[in-house]
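Visitor: For reference, the structure I am asking about is given below.
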Amino acid sequence: EMGYCDEIRTTEIGGDRVTVVRQWTAEELAASGVAAERPAFADRIQRSPLVTVVLRGATLNALDDAERAVDDGVNVVKALTKDPRLVPGGCAAEMELARLVQDAADRTAGINQHAMKAFAQALEVFARTMGDNAGVDSTALVAKLIAAHHAKAKTTVAGALVGPSIGVDVDCDHEPRLVDALAQGILDPLAVKSWGLTYATQAALTVLQVDQIVMAKTAGGPKLPKQQQGNWDEDD
């Protein structure tokens, strides 16, 4: 599943001992004799490269940020190899899904419409959280997104974009602004969105299905004396 490599060795980089996985170059592969003895194996190695990424940082915080960035990038590529479908990012997909659920709730009769409206409102938390992290008024930002996604057609009206691909512009200088995520190439893997919403929904349903809570009792041992009534300096 991971592929093939030519060499696995340990070396010291920056005072730390690390494991290096590397591929031979064409010259090294020819000098080893593997290409002549086992051409099919050598060709398979060259078509499935493995690399070791060495990160350097002035501080541990910078190094941790770089490690998370590399890890996120690798996971995105891994997800796209399994499901190449993409959706607009910047909370555009969540807000459009909230609009669709809200419209379905308006057409639903009975008590089920309240649960559907609550689910649609919960989907707005993504945009609200992104607005808080960007340092803007999240309430105004969500209101702009709702108005943009409830528009009938994708047009530009007074400088305000509308349509299903409108998301949050985090580079906004503390002013809530929108951006066309699809036009700007801001995309997210569909598999990440799908599984995230699936697990979150299952967790919420599990909590709602709990009809009995077992309370923990006080541990045994000597009981504390009851608090004395009256003032501390009064005679008994």
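Going by the structure tokens order, chains are called A, B, ..., each with residues numbered from 1, while ligands are numbered from 1 in the order shown.
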Hey, what does DSSP flag as alpha helix (DSSP H) within stretch 8-202 of chain A? Can you give it to me as a PyMOL selection string?
Guide: chain A and resi 26-32+34-37+39-46+60-82+92-106+112-123+125-134+138-149+190-202
Visitor: Take the residues from that selection and put them in a file with C-alpha atoms, as a CSV table (one decimal), in the first residue's frame.
Guide:
chain,number,residue,atom,x,y,z
A,26,ALA,CA,18.9,6.0,-12.2
A,27,GLU,CA,22.7,5.9,-11.9
A,28,GLU,CA,22.6,4.2,-8.5
A,29,LEU,CA,20.0,1.7,-9.7
A,30,ALA,CA,22.1,0.8,-12.7
A,31,ALA,CA,25.3,0.4,-10.6
A,32,SER,CA,23.5,-1.9,-8.1
A,34,VAL,CA,19.1,-4.8,-9.8
A,35,ALA,CA,17.8,-3.2,-13.0
A,36,ALA,CA,19.6,-5.8,-15.1
A,37,GLU,CA,18.7,-8.8,-12.9
A,39,PRO,CA,13.9,-5.2,-14.6
A,40,ALA,CA,10.2,-5.6,-13.6
A,41,PHE,CA,11.0,-5.0,-9.9
A,42,ALA,CA,13.3,-2.0,-10.8
A,43,ASP,CA,10.5,-0.4,-12.9
A,44,ARG,CA,8.0,-0.9,-10.1
A,45,ILE,CA,10.3,0.8,-7.6
A,46,GLN,CA,10.8,3.8,-9.9
A,60,LEU,CA,9.2,24.5,18.3
A,61,ASN,CA,6.0,26.3,17.5
A,62,ALA,CA,7.1,27.1,13.9
A,63,LEU,CA,8.2,23.5,13.5
A,64,ASP,CA,4.9,22.2,14.7
A,65,ASP,CA,3.0,24.5,12.3
A,66,ALA,CA,5.2,23.2,9.4
A,67,GLU,CA,4.6,19.6,10.4
A,68,ARG,CA,0.8,20.1,10.6
A,69,ALA,CA,0.9,21.8,7.1
A,70,VAL,CA,2.8,18.9,5.6
A,71,ASP,CA,0.5,16.4,7.3
A,72,ASP,CA,-2.6,18.2,6.1
A,73,GLY,CA,-1.3,18.3,2.5
A,74,VAL,CA,-0.4,14.6,2.5
A,75,ASN,CA,-3.8,13.7,3.9
A,76,VAL,CA,-5.6,15.8,1.2
A,77,VAL,CA,-3.6,14.1,-1.5
A,78,LYS,CA,-4.5,10.7,0.1
A,79,ALA,CA,-8.1,11.6,0.2
A,80,LEU,CA,-8.2,12.7,-3.4
A,81,THR,CA,-6.6,9.5,-4.6
A,82,LYS,CA,-9.6,7.7,-3.1
A,92,ALA,CA,-19.6,27.6,1.0
A,93,ALA,CA,-20.6,24.0,0.9
A,94,GLU,CA,-21.9,24.1,4.5
A,95,MET,CA,-23.9,27.2,3.9
A,96,GLU,CA,-25.4,25.8,0.7
A,97,LEU,CA,-26.3,22.6,2.5
A,98,ALA,CA,-27.9,24.7,5.3
A,99,ARG,CA,-30.0,26.5,2.7
A,100,LEU,CA,-31.2,23.2,1.2
A,101,VAL,CA,-32.1,21.7,4.6
A,102,GLN,CA,-33.9,24.9,5.5
A,103,ASP,CA,-35.9,24.9,2.3
A,104,ALA,CA,-36.8,21.2,2.9
A,105,ALA,CA,-37.8,22.1,6.4
A,106,ASP,CA,-40.2,24.8,5.2
A,112,ASN,CA,-40.0,17.0,12.1
A,113,GLN,CA,-39.5,20.5,10.6
A,114,HIS,CA,-38.2,21.8,13.9
A,115,ALA,CA,-35.4,19.2,13.9
A,116,MET,CA,-34.5,20.0,10.3
A,117,LYS,CA,-34.4,23.7,11.1
A,118,ALA,CA,-32.1,23.0,14.1
A,119,PHE,CA,-29.8,20.9,11.8
A,120,ALA,CA,-29.7,23.7,9.3
A,121,GLN,CA,-28.8,26.2,12.0
A,122,ALA,CA,-26.1,23.9,13.3
A,123,LEU,CA,-24.4,24.0,9.9
A,125,VAL,CA,-21.5,27.1,13.1
A,126,PHE,CA,-18.7,26.4,10.6
A,127,ALA,CA,-18.9,29.9,9.1
A,128,ARG,CA,-19.4,31.5,12.5
A,129,THR,CA,-16.3,29.8,13.8
A,130,MET,CA,-14.3,30.8,10.8
A,131,GLY,CA,-15.4,34.4,11.3
A,132,ASP,CA,-14.3,34.3,14.9
A,133,ASN,CA,-10.9,33.0,13.9
A,134,ALA,CA,-10.5,35.7,11.3
A,138,SER,CA,-19.4,36.5,12.9
A,139,THR,CA,-23.1,37.5,13.1
A,140,ALA,CA,-22.8,39.9,10.2
A,141,LEU,CA,-20.7,37.4,8.3
A,142,VAL,CA,-23.3,34.7,8.6
A,143,ALA,CA,-26.1,37.1,7.7
A,144,LYS,CA,-24.2,38.0,4.5
A,145,LEU,CA,-23.7,34.3,3.6
A,146,ILE,CA,-27.3,33.5,4.2
A,147,ALA,CA,-28.4,36.3,1.9
A,148,ALA,CA,-25.9,35.3,-0.7
A,149,HIS,CA,-26.9,31.7,-0.8
A,190,LEU,CA,-15.9,15.9,-0.7
A,191,ALA,CA,-14.9,12.9,1.4
A,192,VAL,CA,-13.6,15.0,4.3
A,193,LYS,CA,-16.9,17.0,4.4
A,194,SER,CA,-19.0,13.9,4.0
A,195,TRP,CA,-17.4,11.9,6.7
A,196,GLY,CA,-17.1,14.9,9.1
A,197,LEU,CA,-20.8,15.6,8.9
A,198,THR,CA,-21.6,11.9,9.2
A,199,TYR,CA,-19.6,11.4,12.4
A,200,ALA,CA,-20.9,14.6,13.9
A,201,THR,CA,-24.5,13.6,13.2
A,202,GLN,CA,-24.0,10.2,14.6
Visitor: Quick one: residues within 12 Å of A:Asp16, only C-alpha atoms, excluding same-chain residues fewer than 6 positions away - as a list in words?
Guide: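 Here the answer would be Thr10, Val54, Leu55 and Arg56 of chain A.
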Visitor: Go ahead and write the residues just picked, N, CA and C atoms, as a PDB file, in the first residue's frame.
Guide:
ATOM      1  N   THR A  10      19.213   4.766   9.058  1.00  0.00           N
ATOM      2  CA  THR A  10      19.113   5.777  10.110  1.00  0.00           C
ATOM      3  C   THR A  10      20.324   6.695  10.021  1.00  0.00           C
ATOM      4  N   VAL A  54      12.324  16.434   5.616  1.00  0.00           N
ATOM      5  CA  VAL A  54      13.022  16.970   6.781  1.00  0.00           C
ATOM      6  C   VAL A  54      12.591  18.417   6.975  1.00  0.00           C
ATOM      7  N   LEU A  55      12.038  18.728   8.129  1.00  0.00           N
ATOM      8  CA  LEU A  55      11.555  20.070   8.440  1.00  0.00           C
ATOM      9  C   LEU A  55      12.505  20.732   9.429  1.00  0.00           C
ATOM     10  N   ARG A  56      12.740  21.992   9.232  1.00  0.00           N
ATOM     11  CA  ARG A  56      13.577  22.779  10.131  1.00  0.00           C
ATOM     12  C   ARG A  56      12.827  24.037  10.535  1.00  0.00           C
TER      13      ARG A  56
END
Visitor: Work out how far atom CA of A:Gly185 is from atom CA of A:Ala151, in Å to one decimal.
Guide: 21.7 Å
